[in-house]
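The file final_24.cif comes next; it holds mmCIF, C-alpha atoms and all ligand atoms.
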data_target
loop_
_atom_site.label_atom_id
_atom_site.label_comp_id
_atom_site.auth_asym_id
_atom_site.auth_seq_id
_atom_site.Cartn_x
_atom_site.Cartn_y
_atom_site.Cartn_z
CA MET A 1 104.70 141.22 5.33
CA LYS A 2 103.72 139.19 2.33
CA ASN A 3 103.01 140.32 -1.22
CA THR A 4 100.01 138.16 -2.00
CA LEU A 5 99.16 138.36 -5.68
CA ILE A 6 95.55 139.14 -6.60
CA ALA A 7 94.25 137.80 -9.92
CA PRO A 8 90.75 139.00 -10.85
CA SER A 9 88.95 136.46 -13.03
CA VAL A 10 87.67 137.99 -16.24
CA LEU A 11 84.97 135.26 -16.30
CA SER A 12 82.85 137.52 -14.11
CA ALA A 13 83.46 140.70 -16.15
CA ASP A 14 80.87 142.27 -18.44
CA PHE A 15 81.26 140.36 -21.72
CA ALA A 16 79.15 142.92 -23.58
CA ASN A 17 81.57 145.65 -22.58
CA LEU A 18 84.89 144.13 -21.66
CA ARG A 19 87.22 147.04 -22.23
CA PRO A 20 86.25 149.16 -19.18
CA ASP A 21 86.73 146.08 -16.98
CA ILE A 22 90.16 145.46 -18.51
CA GLU A 23 91.13 149.10 -17.92
CA MET A 24 89.83 148.85 -14.36
CA ILE A 25 92.15 145.89 -13.71
CA ASN A 26 95.05 147.74 -15.39
CA GLU A 27 94.58 150.71 -13.09
CA SER A 28 93.83 148.69 -9.96
CA GLN A 29 96.20 147.03 -7.50
CA ALA A 30 95.56 143.67 -9.18
CA ASP A 31 98.69 141.72 -10.14
CA TRP A 32 97.44 139.36 -12.84
CA PHE A 33 94.56 138.83 -15.26
CA HIS A 34 93.09 135.35 -14.64
CA ILE A 35 91.57 133.99 -17.85
CA ASP A 36 89.31 130.91 -17.72
CA ILE A 37 89.08 128.89 -20.92
CA MET A 38 86.40 126.15 -20.84
CA ASP A 39 85.59 123.68 -23.59
CA GLY A 40 82.26 122.16 -22.54
CA VAL A 41 83.97 118.73 -22.36
CA PHE A 42 86.43 118.85 -19.46
CA VAL A 43 83.93 121.07 -17.64
CA PRO A 44 80.18 121.37 -18.22
CA ASN A 45 80.43 124.96 -19.45
CA ILE A 46 81.92 126.91 -22.35
CA SER A 47 83.41 130.32 -21.51
CA PHE A 48 85.17 132.00 -24.41
CA GLY A 49 87.97 131.23 -26.80
CA MET A 50 90.79 132.65 -28.86
CA PRO A 51 89.25 135.76 -30.46
CA VAL A 52 88.07 137.03 -27.08
CA LEU A 53 91.42 136.29 -25.45
CA LYS A 54 93.11 138.17 -28.28
CA ALA A 55 90.86 141.15 -27.64
CA ILE A 56 91.67 141.06 -23.93
CA THR A 57 95.45 140.80 -24.30
CA GLN A 58 95.42 143.71 -26.73
CA TYR A 59 94.59 146.02 -23.81
CA ALA A 60 95.66 144.11 -20.70
CA LYS A 61 98.89 145.49 -19.23
CA LYS A 62 99.55 142.87 -16.54
CA THR A 63 100.60 139.22 -16.41
CA ILE A 64 98.17 137.01 -18.33
CA ASP A 65 97.41 133.89 -16.30
CA VAL A 66 95.50 131.44 -18.50
CA HIS A 67 93.63 128.58 -16.82
CA LEU A 68 92.77 125.92 -19.38
CA MET A 69 89.78 123.77 -18.45
CA ILE A 70 90.00 121.77 -21.65
CA VAL A 71 90.83 118.23 -22.72
CA GLU A 72 94.08 117.60 -24.62
CA PRO A 73 95.56 121.05 -23.89
CA ASP A 74 98.79 120.13 -25.75
CA ARG A 75 96.99 120.96 -29.00
CA TYR A 76 96.85 124.64 -28.11
CA ILE A 77 100.09 125.48 -26.28
CA THR A 78 101.61 127.38 -29.21
CA THR A 79 98.34 129.18 -29.89
CA PHE A 80 98.03 130.46 -26.33
CA LYS A 81 101.60 131.69 -26.41
CA SER A 82 100.87 133.65 -29.56
CA LEU A 83 97.74 135.11 -27.94
CA GLY A 84 99.80 136.58 -25.11
CA ALA A 85 99.67 134.05 -22.27
CA ASP A 86 102.47 134.48 -19.72
CA ILE A 87 101.41 131.58 -17.51
CA LEU A 88 99.66 128.56 -18.99
CA THR A 89 97.92 126.21 -16.57
CA VAL A 90 96.60 122.79 -17.56
CA HIS A 91 94.53 120.42 -15.47
CA TYR A 92 96.21 117.43 -13.87
CA GLU A 93 93.08 115.44 -14.68
CA ALA A 94 93.27 116.35 -18.39
CA CYS A 95 96.89 115.34 -19.05
CA THR A 96 98.09 111.80 -19.70
CA HIS A 97 101.71 112.92 -20.11
CA LEU A 98 101.78 115.82 -17.71
CA HIS A 99 105.57 116.08 -17.50
CA ARG A 100 105.78 116.36 -21.28
CA THR A 101 103.05 119.00 -21.32
CA LEU A 102 104.86 121.12 -18.70
CA GLN A 103 108.08 120.96 -20.72
CA ALA A 104 106.23 121.97 -23.88
CA ILE A 105 104.74 125.02 -22.13
CA LYS A 106 108.17 126.09 -20.87
CA ALA A 107 109.75 125.52 -24.28
CA GLU A 108 107.38 128.22 -25.55
CA GLY A 109 108.74 130.62 -22.95
CA MET A 110 105.71 130.56 -20.64
CA LYS A 111 105.46 129.66 -16.97
CA ALA A 112 103.85 126.25 -16.51
CA GLY A 113 100.97 125.65 -14.11
CA ILE A 114 99.01 122.61 -12.98
CA ALA A 115 95.41 122.96 -11.82
CA ILE A 116 93.93 120.30 -9.56
CA ASN A 117 90.27 119.57 -8.94
CA PRO A 118 88.99 119.43 -5.35
CA HIS A 119 89.11 115.62 -5.38
CA THR A 120 92.73 115.39 -6.56
CA ASN A 121 95.24 114.65 -3.81
CA VAL A 122 98.21 117.02 -3.73
CA ALA A 123 100.56 114.07 -3.12
CA LEU A 124 100.19 113.30 -6.85
CA LEU A 125 102.22 116.44 -7.58
CA GLU A 126 105.36 115.38 -5.70
CA ASP A 127 107.20 114.08 -8.79
CA VAL A 128 106.51 117.13 -10.94
CA ILE A 129 106.70 119.90 -8.36
CA ASN A 130 110.19 120.99 -9.46
CA ASP A 131 108.91 121.35 -13.02
CA THR A 132 105.90 123.43 -11.98
CA ASP A 133 105.86 127.21 -11.59
CA LEU A 134 102.32 127.37 -10.24
CA VAL A 135 99.73 125.03 -8.75
CA CYS A 136 96.20 126.30 -9.25
CA MET A 137 94.27 124.63 -6.47
CA MET A 138 90.58 124.57 -7.26
CA SER A 139 88.52 125.48 -4.22
CA VAL A 140 85.28 124.87 -6.15
CA ASN A 141 84.50 122.35 -8.87
CA PRO A 142 85.70 124.06 -12.07
CA GLY A 143 83.24 125.33 -14.64
CA PHE A 144 81.42 128.27 -13.11
CA GLY A 145 82.03 131.48 -11.21
CA GLY A 146 80.14 132.33 -8.05
CA GLN A 147 80.25 128.94 -6.32
CA LYS A 148 80.73 128.25 -2.63
CA PHE A 149 84.27 127.78 -1.32
CA ILE A 150 85.17 124.20 -0.28
CA GLU A 151 86.60 124.25 3.26
CA ASN A 152 88.84 121.18 2.74
CA THR A 153 91.09 123.50 0.69
CA TYR A 154 92.97 124.79 3.76
CA LYS A 155 94.22 121.30 4.58
CA LYS A 156 95.32 120.79 0.99
CA ILE A 157 97.28 124.06 0.97
CA THR A 158 99.20 122.98 4.07
CA GLN A 159 99.98 119.61 2.49
CA LEU A 160 101.09 121.19 -0.79
CA LYS A 161 103.26 123.75 1.00
CA ALA A 162 105.06 120.86 2.74
CA ILE A 163 105.72 119.16 -0.61
CA ILE A 164 107.07 122.41 -2.10
CA GLU A 165 109.39 122.99 0.85
CA ARG A 166 110.55 119.38 1.01
CA ASN A 167 111.63 119.61 -2.64
CA ASN A 168 113.13 123.10 -2.38
CA ALA A 169 110.78 124.18 -5.14
CA SER A 170 109.70 127.76 -5.85
CA THR A 171 106.20 126.82 -7.01
CA LEU A 172 103.46 129.36 -6.28
CA ILE A 173 100.17 128.22 -4.76
CA GLU A 174 97.14 129.84 -6.39
CA ILE A 175 93.64 129.43 -4.97
CA ASP A 176 90.76 129.54 -7.44
CA GLY A 177 87.08 129.59 -6.52
CA GLY A 178 84.92 131.21 -3.89
CA VAL A 179 87.59 133.62 -2.64
CA THR A 180 86.19 136.55 -0.62
CA ASP A 181 87.32 138.98 2.07
CA GLN A 182 86.08 136.37 4.56
CA ASN A 183 88.59 133.64 3.65
CA ALA A 184 91.46 135.53 1.93
CA ARG A 185 93.54 136.08 5.07
CA LYS A 186 93.15 132.49 6.25
CA LEU A 187 94.16 131.17 2.82
CA VAL A 188 97.35 133.23 2.87
CA GLU A 189 98.13 132.09 6.41
CA ALA A 190 97.76 128.48 5.21
CA GLY A 191 100.32 129.14 2.43
CA ALA A 192 98.55 130.66 -0.59
CA ASP A 193 100.59 133.02 -2.78
CA VAL A 194 97.99 134.00 -5.40
CA LEU A 195 94.25 134.51 -4.94
CA VAL A 196 91.87 134.42 -7.91
CA ALA A 197 88.64 136.32 -7.36
CA GLY A 198 85.84 136.57 -9.90
CA SER A 199 82.34 137.19 -8.65
CA PHE A 200 83.50 138.74 -5.39
CA VAL A 201 85.32 141.47 -7.33
CA PHE A 202 82.91 142.06 -10.19
CA SER A 203 79.65 141.87 -8.25
CA SER A 204 80.87 144.49 -5.80
CA ASP A 205 79.89 148.16 -6.17
CA ASN A 206 83.51 149.22 -6.58
CA PRO A 207 85.66 146.42 -8.06
CA ALA A 208 88.92 148.41 -7.85
CA ALA A 209 88.31 149.11 -4.16
CA THR A 210 87.48 145.43 -3.59
CA ILE A 211 90.80 144.45 -5.20
CA ALA A 212 92.63 147.02 -3.05
CA ASN A 213 90.94 145.61 0.05
CA LEU A 214 91.93 142.03 -0.84
CA LYS A 215 95.48 143.26 -1.31
CA GLU A 216 95.44 145.03 2.04
CA ILE A 217 94.01 142.17 4.13
CA THR A 218 96.47 139.64 2.68
CA LYS A 219 99.65 141.63 3.40
C1 LIG B 301 85.99 128.40 -12.12
C2 LIG B 301 87.09 129.29 -12.58
C3 LIG B 301 87.36 130.41 -11.67
C4 LIG B 301 86.19 131.36 -11.49
C5 LIG B 301 86.27 131.84 -10.08
O1 LIG B 301 85.98 127.24 -12.87
O2 LIG B 301 88.31 128.57 -12.72
O3 LIG B 301 88.52 131.15 -12.06
O4 LIG B 301 86.19 132.45 -12.35
O5 LIG B 301 85.11 132.56 -9.82
P1 LIG B 301 84.68 132.92 -8.35
O6 LIG B 301 85.76 133.78 -7.77
O7 LIG B 301 83.39 133.67 -8.57
O8 LIG B 301 84.48 131.65 -7.59
ZN ZN B 302 90.19 129.76 -13.02
#
As structure tokens, please, write out the structure in this file.
Ligand code: DX5
Ligand code: ZN
Amino acid sequence: MKNTLIAPSVLSADFANLRPDIEMINESQADWFHIDIMDGVFVPNISFGMPVLKAITQYAKKTIDVHLMIVEPDRYITTFKSLGADILTVHYEACTHLHRTLQAIKAEGMKAGIAINPHTNVALLEDVINDTDLVCMMSVNPGFGGQKFIENTYKKITQLKAIIERNNASTLIEIDGGVTDQNARKLVEAGADVLVAGSFVFSSDNPAATIANLKEITK
């Protein structure tokens, strides 16, 4: 039996009334809060920034998993630590000196994650896998919730799992984008450890029950 971690994405919560959604996640079987920060440059959308994250972390009682979809993330590592991030994930495609960035995140006492776009080959992670706590594999093009899952992801998970095992690394594989009850089990069987789910959770009639169901079918 596997303890797959479920990370609801706050991007699909009700921004006009965030607190009940935060409390729902606190009381649910969810493991992490997944927080999507977009700058309108790295991705063609702007989500929310520091004041909103501060408001969220004030009430959130679980691990704060921050996914930065921004250029030059090094500028904000200290800031995100002070706002309550436990895991800070930067995009492979946004970092010129990725190894340095990972070390800087860890020096702040956070877990360091790398997100990869659907076009980025997992083989590029081989030389940093032992420095990486989490790989956030994008299963949609980043920027928006509610997009269709890209099927090529399964193959990439298998390839990444092989790299992790070959290097005796303890890196977690997180899948982000288009996760539903239809693909969750198959993703875990391929090697996923963490599933992010935004629209599937928040557009359901009973988000807490949807989280519980995802937890159950990925055991
Ligand atoms: C997309 C974000 C995702 C998004 C997932 O760029 O990184 O975390 O919230 O949303 P769904 O689950 O609706 O695809
Ligand atoms: Zn995300």
Give me the residues of stretch 3-70 of chain A that have any atom at most 12 Å from an atom of stretch 168-177 of chain A; for each, the nearest atom pair and the distance in Å, rounded to one decimal. Use only C-alpha atoms, sort by chain and number, and format it as a tab-separated table.
residue	atom	partner	partner_atom	distance
A:Thr4	CA	A:Glu174	CA	9.8
A:Leu5	CA	A:Glu174	CA	8.8
A:Ile6	CA	A:Glu174	CA	9.4
A:Ala7	CA	A:Glu174	CA	9.2
A:Pro8	CA	A:Asp176	CA	10.1
A:Ser9	CA	A:Asp176	CA	9.1
A:Leu11	CA	A:Gly177	CA	11.5
A:Ser12	CA	A:Gly177	CA	11.8
A:Trp32	CA	A:Glu174	CA	11.5
A:His34	CA	A:Asp176	CA	9.5
A:Ile35	CA	A:Asp176	CA	11.4
A:Asp36	CA	A:Asp176	CA	10.5
A:Asp65	CA	A:Glu174	CA	10.7
A:His67	CA	A:Asp176	CA	9.9
Using only C-alpha atoms, determine which residues lie at most 12 Å from A:Lys111, disregarding the query and same-chain residues fewer than 2 positions distant; provide the list as a VMD selection string.
-> chain A and resid 63 to 67 77 80 to 81 85 to 90 101 to 109 113 to 114 131 to 135 171 to 172
Find the residues near A:Ala190: any atom within 9 Å, counting only C-alpha atoms, skip ones fewer than 5 places away on the same chain, and give them as a ChimeraX atom specification.
-> /A:154-155,157-158,161,185
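Minimum atom-to-atom distances from A:Tyr59, A:Tyr92, A:Phe144, A:Phe149 to A:Thr120 were compared using all atoms listed in the file, and the lowest value belongs to A:Tyr92.
The closest residue to ligand LIG 301 (chain B), picked from A:Lys186, A:Lys148, A:Lys219, A:Lys61 and counting all atoms listed in the file, is A:Lys148.
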For the atom pair atom CA of A:Phe48 and atom CA of A:Glu27, what is the interatomic distance in Å to one decimal place?
->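 Between these atoms lies a distance of 23.8 Å.
Shortest atom-to-atom contact with ligand ZN 302 (chain B) among A:Gly198, A:Gly84, A:Pro44, A:Pro20: A:Gly198, counting all atoms listed in the file.
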Report the distance between atom CA of A:Leu124 and atom CA of A:Met38 in Å, rounded to one decimal place.
->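 Calculated distance between atom CA of A:Leu124 and atom CA of A:Met38 is 23.5 Å.
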To one decimal in Å, tell me the separation between atom CA of A:Val188 and atom CA of A:Ser28.
->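 Separation between atom CA of A:Val188 and atom CA of A:Ser28: 20.4 Å.
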Show me, as lines of an AutoDock Vina configuration file, the centre and edge lengths in Å to one decimal of the axis-aligned box that covers every listed atom of ligand LIG 301 (chain B) with 3 Å on each side.
center_x = 86.0
center_y = 130.5
center_z = -10.2
size_x = 11.1
size_y = 12.5
size_z = 11.3
For ligand ZN 302 (chain B), which residue out of A:Thr57, A:Ile22, A:Leu195, A:Asn183 is the nearest one, using only C-alpha atoms and all ligand atoms?
->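 That would be A:Leu195, the residue with the smallest distance to ligand ZN 302 (chain B).
Across A:Gly40, A:Pro73, A:Pro51, A:Gly145, the tightest approach to ligand LIG 301 (chain B) is made by A:Gly145 when counting all atoms listed in the file.
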Near A:His119, counting all atoms listed in the file, which residues have an atom at most 12 Å away, once you skip same-chain residues fewer than 5 positions from it, shown as a VMD selection string?
-> chain A and resid 92 to 93 124 137 to 142 150 152 to 153 156
Written selection (C-alpha atoms) as an mmCIF file, in the coordinates of the input:
data_model
loop_
_atom_site.group_PDB
_atom_site.id
_atom_site.type_symbol
_atom_site.label_atom_id
_atom_site.label_comp_id
_atom_site.auth_asym_id
_atom_site.auth_seq_id
_atom_site.Cartn_x
_atom_site.Cartn_y
_atom_site.Cartn_z
ATOM 1 C CA TYR A 92 96.210 117.430 -13.870
ATOM 2 C CA GLU A 93 93.080 115.440 -14.680
ATOM 3 C CA LEU A 124 100.190 113.300 -6.850
ATOM 4 C CA MET A 137 94.270 124.630 -6.470
ATOM 5 C CA MET A 138 90.580 124.570 -7.260
ATOM 6 C CA SER A 139 88.520 125.480 -4.220
ATOM 7 C CA VAL A 140 85.280 124.870 -6.150
ATOM 8 C CA ASN A 141 84.500 122.350 -8.870
ATOM 9 C CA PRO A 142 85.700 124.060 -12.070
ATOM 10 C CA ILE A 150 85.170 124.200 -0.280
ATOM 11 C CA ASN A 152 88.840 121.180 2.740
ATOM 12 C CA THR A 153 91.090 123.500 0.690
ATOM 13 C CA LYS A 156 95.320 120.790 0.990
#
